[in-house]
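Coordinates from final-v6.cif are shown below (mmCIF, C-alpha atoms and all ligand atoms).
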```cif
data_input
#
loop_
_atom_site.label_atom_id
_atom_site.label_comp_id
_atom_site.auth_asym_id
_atom_site.auth_seq_id
_atom_site.Cartn_x
_atom_site.Cartn_y
_atom_site.Cartn_z
CA MET A 206 201.82 34.95 60.42
CA LYS A 207 198.49 36.30 59.11
CA LYS A 208 198.32 35.49 55.42
CA GLU A 209 197.05 37.98 52.85
CA ARG A 210 194.06 36.22 51.29
CA PHE A 211 193.13 36.98 47.70
CA ILE A 212 191.29 36.07 44.53
CA LEU A 213 193.44 36.05 41.39
CA ASP A 214 191.59 37.47 38.36
CA THR A 215 193.64 36.54 35.32
CA ASP A 216 193.95 35.89 31.58
CA PRO A 217 196.59 33.13 31.57
CA GLY A 218 199.06 34.11 29.84
CA ILE A 219 202.78 33.44 30.52
CA ASP A 220 203.38 35.98 33.28
CA ASP A 221 199.93 35.13 34.65
CA ALA A 222 201.01 31.50 34.97
CA LEU A 223 204.21 32.65 36.67
CA THR A 224 202.02 34.60 39.12
CA ILE A 225 200.11 31.44 40.00
CA LEU A 226 203.46 29.75 40.69
CA TYR A 227 204.70 32.73 42.72
CA ALA A 228 201.52 32.70 44.82
CA LEU A 229 201.81 28.98 45.48
CA ALA A 230 205.48 29.45 46.41
CA SER A 231 204.76 32.25 48.91
CA PRO A 232 203.76 31.34 52.47
CA GLU A 233 202.72 34.97 53.10
CA VAL A 234 199.62 34.65 50.87
CA LYS A 235 196.63 32.39 50.38
CA MET A 236 195.07 32.21 46.93
CA GLU A 237 191.38 31.43 47.53
CA ALA A 238 190.23 31.22 43.90
CA ILE A 239 191.19 31.96 40.32
CA THR A 240 188.77 33.73 37.99
CA ILE A 241 189.36 33.86 34.27
CA VAL A 242 188.81 36.69 31.82
CA ASN A 243 189.42 37.16 28.10
CA GLY A 244 192.77 38.80 27.40
CA ASN A 245 196.07 37.20 26.45
CA CYS A 246 194.05 34.27 25.12
CA PRO A 247 190.37 33.52 24.73
CA MET A 248 188.65 32.87 28.06
CA GLU A 249 188.12 29.12 27.42
CA GLN A 250 191.82 28.61 26.64
CA GLY A 251 192.79 30.70 29.67
CA THR A 252 190.67 28.41 31.84
CA ILE A 253 192.44 25.33 30.48
CA ASN A 254 195.80 26.98 31.14
CA ALA A 255 194.96 27.85 34.75
CA LEU A 256 193.71 24.32 35.47
CA SER A 257 196.78 22.76 33.85
CA VAL A 258 199.15 24.95 35.87
CA LEU A 259 197.34 24.00 39.10
CA GLU A 260 197.68 20.33 38.14
CA LEU A 261 201.37 20.80 37.42
CA MET A 262 201.68 22.17 40.97
CA LYS A 263 199.41 19.46 42.46
CA THR A 264 197.17 22.14 43.99
CA THR A 265 193.87 21.08 42.48
CA HIS A 266 191.71 22.22 45.41
CA ILE A 267 191.72 25.90 44.36
CA PRO A 268 188.47 26.77 42.51
CA VAL A 269 188.81 28.17 38.98
CA ALA A 270 185.78 29.94 37.51
CA LYS A 271 185.17 30.98 33.94
CA GLY A 272 184.39 34.66 33.50
CA MET A 273 183.77 37.20 30.77
CA ALA A 274 184.66 36.00 27.28
CA ARG A 275 184.64 39.51 25.81
CA PRO A 276 185.10 43.11 26.94
CA LEU A 277 182.13 45.24 28.08
CA LEU A 278 181.76 47.14 24.80
CA LEU A 279 184.72 46.56 22.52
CA PRO A 280 185.52 43.58 20.30
CA VAL A 281 187.73 40.77 21.59
CA ILE A 282 191.49 41.28 21.48
CA ASN A 283 194.04 38.56 22.28
CA ALA A 284 197.85 38.54 22.42
CA GLU A 285 198.92 35.43 20.53
CA VAL A 286 202.02 37.21 19.28
CA THR A 287 203.26 37.80 22.85
CA HIS A 288 202.09 34.61 24.57
CA GLY A 289 201.95 32.05 21.74
CA LYS A 290 199.14 29.94 20.32
CA THR A 291 197.98 28.42 23.61
CA GLY A 292 198.98 31.39 25.76
CA LEU A 293 201.88 29.54 27.41
CA GLY A 294 204.68 30.16 24.90
CA TYR A 295 206.82 27.10 24.12
CA ALA A 296 205.52 25.20 27.16
CA GLU A 297 203.17 22.28 26.64
CA LEU A 298 201.10 21.00 29.53
CA PRO A 299 198.79 17.98 29.49
CA ALA A 300 195.06 18.73 29.17
CA PRO A 301 193.70 19.15 32.71
CA MET A 302 191.66 16.46 34.45
CA ILE A 303 190.08 18.87 36.95
CA LYS A 304 187.01 20.89 36.00
CA PRO A 305 186.16 24.54 36.56
CA ASP A 306 183.87 25.64 39.39
CA PRO A 307 180.23 25.66 38.17
CA ARG A 308 179.78 29.31 39.15
CA HIS A 309 180.49 32.25 36.85
CA ALA A 310 183.52 34.29 37.92
CA VAL A 311 181.34 37.22 39.04
CA GLU A 312 179.31 34.92 41.29
CA LEU A 313 182.37 33.30 42.78
CA ILE A 314 183.91 36.73 43.48
CA ARG A 315 180.68 37.93 45.09
CA ASP A 316 180.29 34.77 47.22
CA LEU A 317 183.84 34.82 48.54
CA VAL A 318 184.00 38.57 49.16
CA LEU A 319 180.66 38.75 50.98
CA GLN A 320 181.42 35.66 53.04
CA ASP A 321 184.28 37.54 54.74
CA PRO A 322 183.76 41.30 54.32
CA GLY A 323 186.96 43.35 54.54
CA GLU A 324 189.22 40.28 54.45
CA LEU A 325 189.74 39.44 50.79
CA ASN A 326 191.97 41.22 48.28
CA ILE A 327 191.69 40.89 44.53
CA VAL A 328 194.84 40.69 42.42
CA ALA A 329 193.69 41.57 38.89
CA ILE A 330 196.27 40.79 36.22
CA GLY A 331 194.16 40.81 33.07
CA PRO A 332 191.60 43.18 31.55
CA LEU A 333 189.22 44.39 34.27
CA THR A 334 186.00 43.06 32.70
CA ASN A 335 185.16 40.53 35.45
CA ILE A 336 185.74 43.05 38.22
CA ALA A 337 183.67 45.77 36.52
CA MET A 338 180.81 43.31 35.92
CA THR A 339 180.88 42.23 39.57
CA VAL A 340 180.78 45.87 40.70
CA ARG A 341 177.79 46.57 38.46
CA LEU A 342 175.85 43.38 39.29
CA TYR A 343 176.66 43.26 43.00
CA PRO A 344 177.49 46.80 44.17
CA GLU A 345 177.46 45.50 47.76
CA ILE A 346 181.00 44.16 47.15
CA VAL A 347 182.35 47.72 46.98
CA GLY A 348 182.67 48.17 50.74
CA ALA A 349 183.62 44.53 51.25
CA VAL A 350 186.73 44.07 49.06
CA LYS A 351 189.85 44.80 51.10
CA HIS A 352 191.97 46.14 48.21
CA ILE A 353 192.50 45.53 44.47
CA TYR A 354 196.04 45.23 43.13
CA ILE A 355 195.92 45.84 39.39
CA MET A 356 198.60 45.08 36.83
CA GLY A 357 197.80 47.64 34.22
CA GLY A 358 198.40 51.01 32.71
CA ALA A 359 201.39 53.18 32.01
CA ILE A 360 201.63 56.46 33.90
CA ASN A 361 204.98 58.04 32.93
CA HIS A 362 205.87 55.22 30.54
CA CYS A 363 204.86 54.54 26.95
CA GLY A 364 202.29 51.86 26.19
CA ASN A 365 202.96 48.32 25.04
CA MET A 366 199.80 48.03 22.94
CA THR A 367 199.62 51.50 21.45
CA PRO A 368 202.09 54.35 22.00
CA GLN A 369 200.00 55.38 25.01
CA ALA A 370 198.10 52.36 26.24
CA GLU A 371 199.05 49.22 28.11
CA PHE A 372 197.48 45.90 27.01
CA ASN A 373 195.18 45.05 29.96
CA ILE A 374 193.65 48.51 30.10
CA TYR A 375 193.47 48.88 26.31
CA CYS A 376 191.52 45.60 26.01
CA ASP A 377 188.71 46.96 28.17
CA PRO A 378 189.10 50.65 29.03
CA HIS A 379 185.43 50.94 30.00
CA ALA A 380 185.89 48.24 32.62
CA ALA A 381 188.98 50.04 33.93
CA HIS A 382 186.92 53.23 34.19
CA VAL A 383 184.26 51.44 36.25
CA VAL A 384 186.85 49.95 38.60
CA PHE A 385 188.89 53.15 39.06
CA HIS A 386 185.72 55.02 40.02
CA SER A 387 184.06 52.24 42.02
CA GLY A 388 185.23 53.37 45.44
CA ILE A 389 187.17 50.14 46.04
CA PRO A 390 190.69 51.01 47.23
CA PHE A 391 193.21 50.02 44.59
CA THR A 392 196.89 50.00 43.70
CA LEU A 393 197.95 50.27 40.09
CA VAL A 394 201.15 48.45 39.14
CA PRO A 395 201.89 49.93 35.71
CA LEU A 396 204.54 49.35 33.04
CA ASP A 397 206.61 52.11 34.74
CA VAL A 398 207.66 49.47 37.26
CA THR A 399 206.88 46.14 35.59
CA TYR A 400 209.19 46.86 32.63
CA GLN A 401 212.04 47.22 35.11
CA VAL A 402 211.65 43.71 36.55
CA LEU A 403 213.23 41.50 33.94
CA LEU A 404 214.00 37.82 34.24
CA THR A 405 217.20 37.46 32.20
CA GLY A 406 218.64 34.63 30.12
CA SER A 407 221.16 33.81 32.87
CA ASP A 408 218.34 33.72 35.46
CA LEU A 409 216.61 31.14 33.30
CA LEU A 410 219.77 29.04 33.15
CA LYS A 411 219.71 28.81 36.96
CA ILE A 412 216.13 27.56 36.90
CA GLU A 413 216.91 25.18 34.03
CA GLU A 414 219.52 23.41 36.16
CA CYS A 415 216.71 22.06 38.36
CA ASN A 416 215.57 19.94 35.41
CA THR A 417 212.06 19.10 36.65
CA PRO A 418 208.64 19.47 34.97
CA ILE A 419 208.12 22.76 36.86
CA SER A 420 211.49 24.26 35.87
CA ASP A 421 210.89 23.08 32.31
CA PHE A 422 207.56 24.91 32.30
CA ILE A 423 209.05 28.15 33.65
CA VAL A 424 211.92 28.13 31.18
CA LYS A 425 209.89 27.24 28.08
CA SER A 426 207.12 29.73 28.78
CA SER A 427 209.38 32.65 29.77
CA ARG A 428 211.74 32.14 26.86
CA TYR A 429 208.90 32.83 24.44
CA VAL A 430 208.05 36.22 25.88
CA MET A 431 211.74 37.04 26.21
CA GLU A 432 212.25 36.53 22.48
CA TYR A 433 209.17 38.59 21.65
CA LEU A 434 210.15 41.52 23.86
CA SER A 435 213.74 41.65 22.61
CA GLU A 436 212.66 41.54 18.96
CA SER A 437 209.74 43.95 19.15
CA GLN A 438 210.57 46.39 21.96
CA GLU A 439 214.30 45.94 22.68
CA VAL A 440 213.40 44.86 26.22
CA MET A 441 216.10 42.36 27.18
CA GLY A 442 214.33 39.88 29.43
CA CYS A 443 210.95 38.48 30.40
CA ALA A 444 209.02 41.32 32.06
CA LEU A 445 207.48 39.98 35.28
CA ASN A 446 204.45 42.29 34.96
CA ASP A 447 201.88 40.17 36.72
CA PRO A 448 204.04 38.66 39.49
CA LEU A 449 204.97 42.22 40.53
CA ALA A 450 201.28 43.08 41.03
CA LEU A 451 201.04 40.14 43.44
CA ALA A 452 204.21 41.31 45.19
CA ALA A 453 202.61 44.74 45.69
CA MET A 454 200.18 43.01 48.06
CA PHE A 455 202.67 41.21 50.31
CA GLN A 456 206.08 42.73 49.57
CA PRO A 457 205.19 46.44 49.36
CA ASP A 458 208.69 47.38 50.59
CA LEU A 459 209.82 46.81 46.99
CA LEU A 460 207.73 49.62 45.55
CA THR A 461 207.49 53.39 45.80
CA MET A 462 203.82 54.31 45.78
CA GLN A 463 202.02 57.59 45.38
CA HIS A 464 198.39 58.25 46.37
CA LEU A 465 196.86 60.01 43.39
CA VAL A 466 193.81 60.82 41.32
CA ILE A 467 194.08 58.08 38.68
CA ASP A 468 191.97 57.85 35.56
CA VAL A 469 191.74 56.33 32.08
CA ASP A 470 190.62 57.56 28.70
CA PRO A 471 187.88 55.15 27.53
CA ASN A 472 187.05 57.14 24.38
CA GLU A 473 187.86 55.90 20.92
CA GLY A 474 190.88 57.76 19.54
CA VAL A 475 194.66 57.81 19.74
CA SER A 476 194.72 57.77 23.54
CA MET A 477 192.04 55.13 24.12
CA GLY A 478 193.12 53.08 27.13
CA LYS A 479 195.68 55.60 28.31
CA THR A 480 195.94 55.76 32.09
CA PHE A 481 197.03 58.98 33.72
CA ALA A 482 197.48 60.55 37.14
CA ASP A 483 196.61 64.12 38.08
CA PHE A 484 199.91 64.85 39.86
CA TYR A 485 199.02 68.51 40.51
CA ASN A 486 195.39 67.68 41.33
CA TYR A 487 194.08 70.28 38.91
CA ASP A 488 190.55 69.00 39.38
CA LYS A 489 190.67 69.12 43.21
CA LYS A 490 189.36 65.56 43.45
CA LYS A 491 190.00 63.08 46.24
CA GLU A 492 192.75 60.56 45.51
CA ASN A 493 191.19 57.27 44.38
CA GLY A 494 194.20 54.95 44.15
CA PHE A 495 197.89 54.32 44.61
CA ALA A 496 200.28 54.03 41.68
CA ALA A 497 203.59 52.21 41.94
CA LEU A 498 206.11 54.50 40.28
CA ASP A 499 209.44 52.95 41.23
CA VAL A 500 210.71 49.53 42.21
CA GLN A 501 213.79 47.85 43.64
CA ALA A 502 213.91 45.83 40.47
CA ARG A 503 216.76 43.41 40.95
CA LEU A 504 215.76 42.71 44.55
CA PHE A 505 212.33 41.61 43.33
CA VAL A 506 213.77 39.43 40.56
CA GLU A 507 216.11 37.75 43.09
CA ARG A 508 213.18 37.01 45.43
CA PHE A 509 211.15 35.66 42.53
CA LEU A 510 214.03 33.54 41.29
CA GLU A 511 214.67 32.08 44.72
CA ARG A 512 211.06 30.91 45.01
CA MET A 513 210.91 29.59 41.45
CA THR A 514 214.07 27.56 42.12
CA TYR A 515 212.62 26.30 45.40
CA ILE A 516 209.38 24.99 43.84
CA SER A 517 211.33 23.53 40.92
CA GLN A 518 213.36 21.10 43.08
C1 LIG A 601 199.97 42.71 30.73
O1 LIG A 601 199.42 42.26 29.48
C2 LIG A 601 199.61 40.87 29.35
O2 LIG A 601 200.22 40.57 28.16
C3 LIG A 601 200.41 40.41 30.54
O3 LIG A 601 199.92 39.17 30.99
C4 LIG A 601 200.23 41.49 31.57
O4 LIG A 601 199.10 41.25 32.38
C5 LIG A 601 201.20 43.55 30.43
O5 LIG A 601 200.85 44.63 29.63
CA CA A 602 197.96 39.09 32.44
#
```

Written form, structure tokens:
Amino acid sequence: MKKERFILDTDPGIDDALTILYALASPEVKMEAITIVNGNCPMEQGTINALSVLELMKTTHIPVAKGMARPLLLPVINAEVTHGKTGLGYAELPAPMIKPDPRHAVELIRDLVLQDPGELNIVAIGPLTNIAMTVRLYPEIVGAVKHIYIMGGAINHCGNMTPQAEFNIYCDPHAAHVVFHSGIPFTLVPLDVTYQVLLTGSDLLKIEECNTPISDFIVKSSRYVMEYLSESQEVMGCALNDPLALAAMFQPDLLTMQHLVIDVDPNEGVSMGKTFADFYNYDKKKENGFAALDVQARLFVERFLERMTYISQ
């Protein structure tokens, strides 16, 4: 089986950490590196989290590079209320022994992509600052990245940060604008689908039965976001936003995609960070990306659960 190879660009983050686990549990993919960006937590804390999760999984050979500690233009935003003080909810992991790669995230992305043109995907599950910076500094990556799978945006769905904007895109709408218009083929996995894939309380009980450090981590981290979403948005479960973006790369049968003209409003105002698709192609532009607009939700959660249980034994 030919594996889908990819770089994970992330702001770990509870569902980001679950994505690392999902990748390591999936023989169909090979995660070549992890690059960190400011988002759910400050970039330094996100780096610690990624390293600790890799240590938990005993997969310390995967390089982790620090990236952008703030958005291109806007001030820093973090999501302590959703992901907790350290970014990993109620979970507590030992401080990591392994160190980050000496390269900056943008250099690591450039090196890996240009080493194997056309072979490497990027799965971007945080604000798009690192990817936009790489595009600007090293435009030669544009024709060399195979595809970018982006968790972000809300097309026909309300926002989770403002009434119109989703968190990752809202944090750095200018970066999203650069990436959407870069010419790199991309798939957007927005809240329209990610808010349908909910890990429920009874799912967590199944994982809890494994009673290992890995199951303990999954349960304690997910429970935090579950409580937050039920209290603040009446969403009854832990939304698997980021793992679904990874699934879009190797389990596309789960999603209904549409090839569209996709854009974002980067301007300050009530719709800053709003993503939208020109369904009628009013502007007669060429489609620039795919948007996932429907999902076989429970099927995905079952697949996810199966793999989480497997790695927890
Ligand atoms: C996105 O924002 C973050 O809180 C999550 O990790 C996910 O990437 C959902 O809006
Ligand atoms: Ca994320």

Open item on the list: Hey, which residues sit close to ligand LIG 601 (chain A)? Say within 7 Å, counting only C-alpha atoms and all ligand atoms, and write them as a ChimeraX atom specification.
Closed with: /A:216-221,245,284,287,330-331,356-357,365,371-373,396,446-447

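Candidate residues A:Ala270, A:Leu213, A:Met441, A:Ala310 were compared for distance to ligand CA 602 (chain A), and the nearest is A:Leu213, using only C-alpha atoms and all ligand atoms.
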
Task: Using all atoms listed in the file: which of A:Leu434, A:Ile412, A:Ala444, A:Leu298 has the shortest distance to ligand CA 602 (chain A) - done: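 Of A:Leu434, A:Ile412, A:Ala444, A:Leu298, the one nearest ligand CA 602 (chain A), counting all atoms listed in the file, is A:Ala444.
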
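Counting from CA of Cys363 in chain A, the distance to CA of Phe481 in chain A is 11.3 Å.
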
Open item on the list: Nearest residue to ligand CA 602 (chain A) out of A:Gln501, A:Thr224, A:Gln369, A:Gln401, using all atoms listed in the file?
Closed with: A:Thr224

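Around Gly406 in chain A, within 12 Å and counting all atoms listed in the file, the residues found are Leu403, Leu404, Asp408, Leu409, Leu410, Lys411, Ile412, Glu413, Val424, Lys425, Ser427, Arg428, Tyr429, Val430, Met431, Glu432, Ser435, Met441, Gly442, Cys443 and Ala444 of chain A, once anything fewer than 2 positions away on its own chain is removed.
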
TODO: May I have the residues within 12 Å of Pro344 in chain A as an MDAnalysis selection string, using all atoms listed in the file and disregarding those fewer than 6 positions away in the same chain?
DONE: chainID A and resid 311 314:315 318:319 336:338 350 383:384 387:389

TODO: Identify which of the residues A:Thr264, A:Thr339, A:Thr399, A:Ser517 lies closest to ligand CA 602 (chain A), counting only C-alpha atoms and all ligand atoms when measuring atom-to-atom distances.
DONE: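 Under the stated criterion, the closest residue is A:Thr399.
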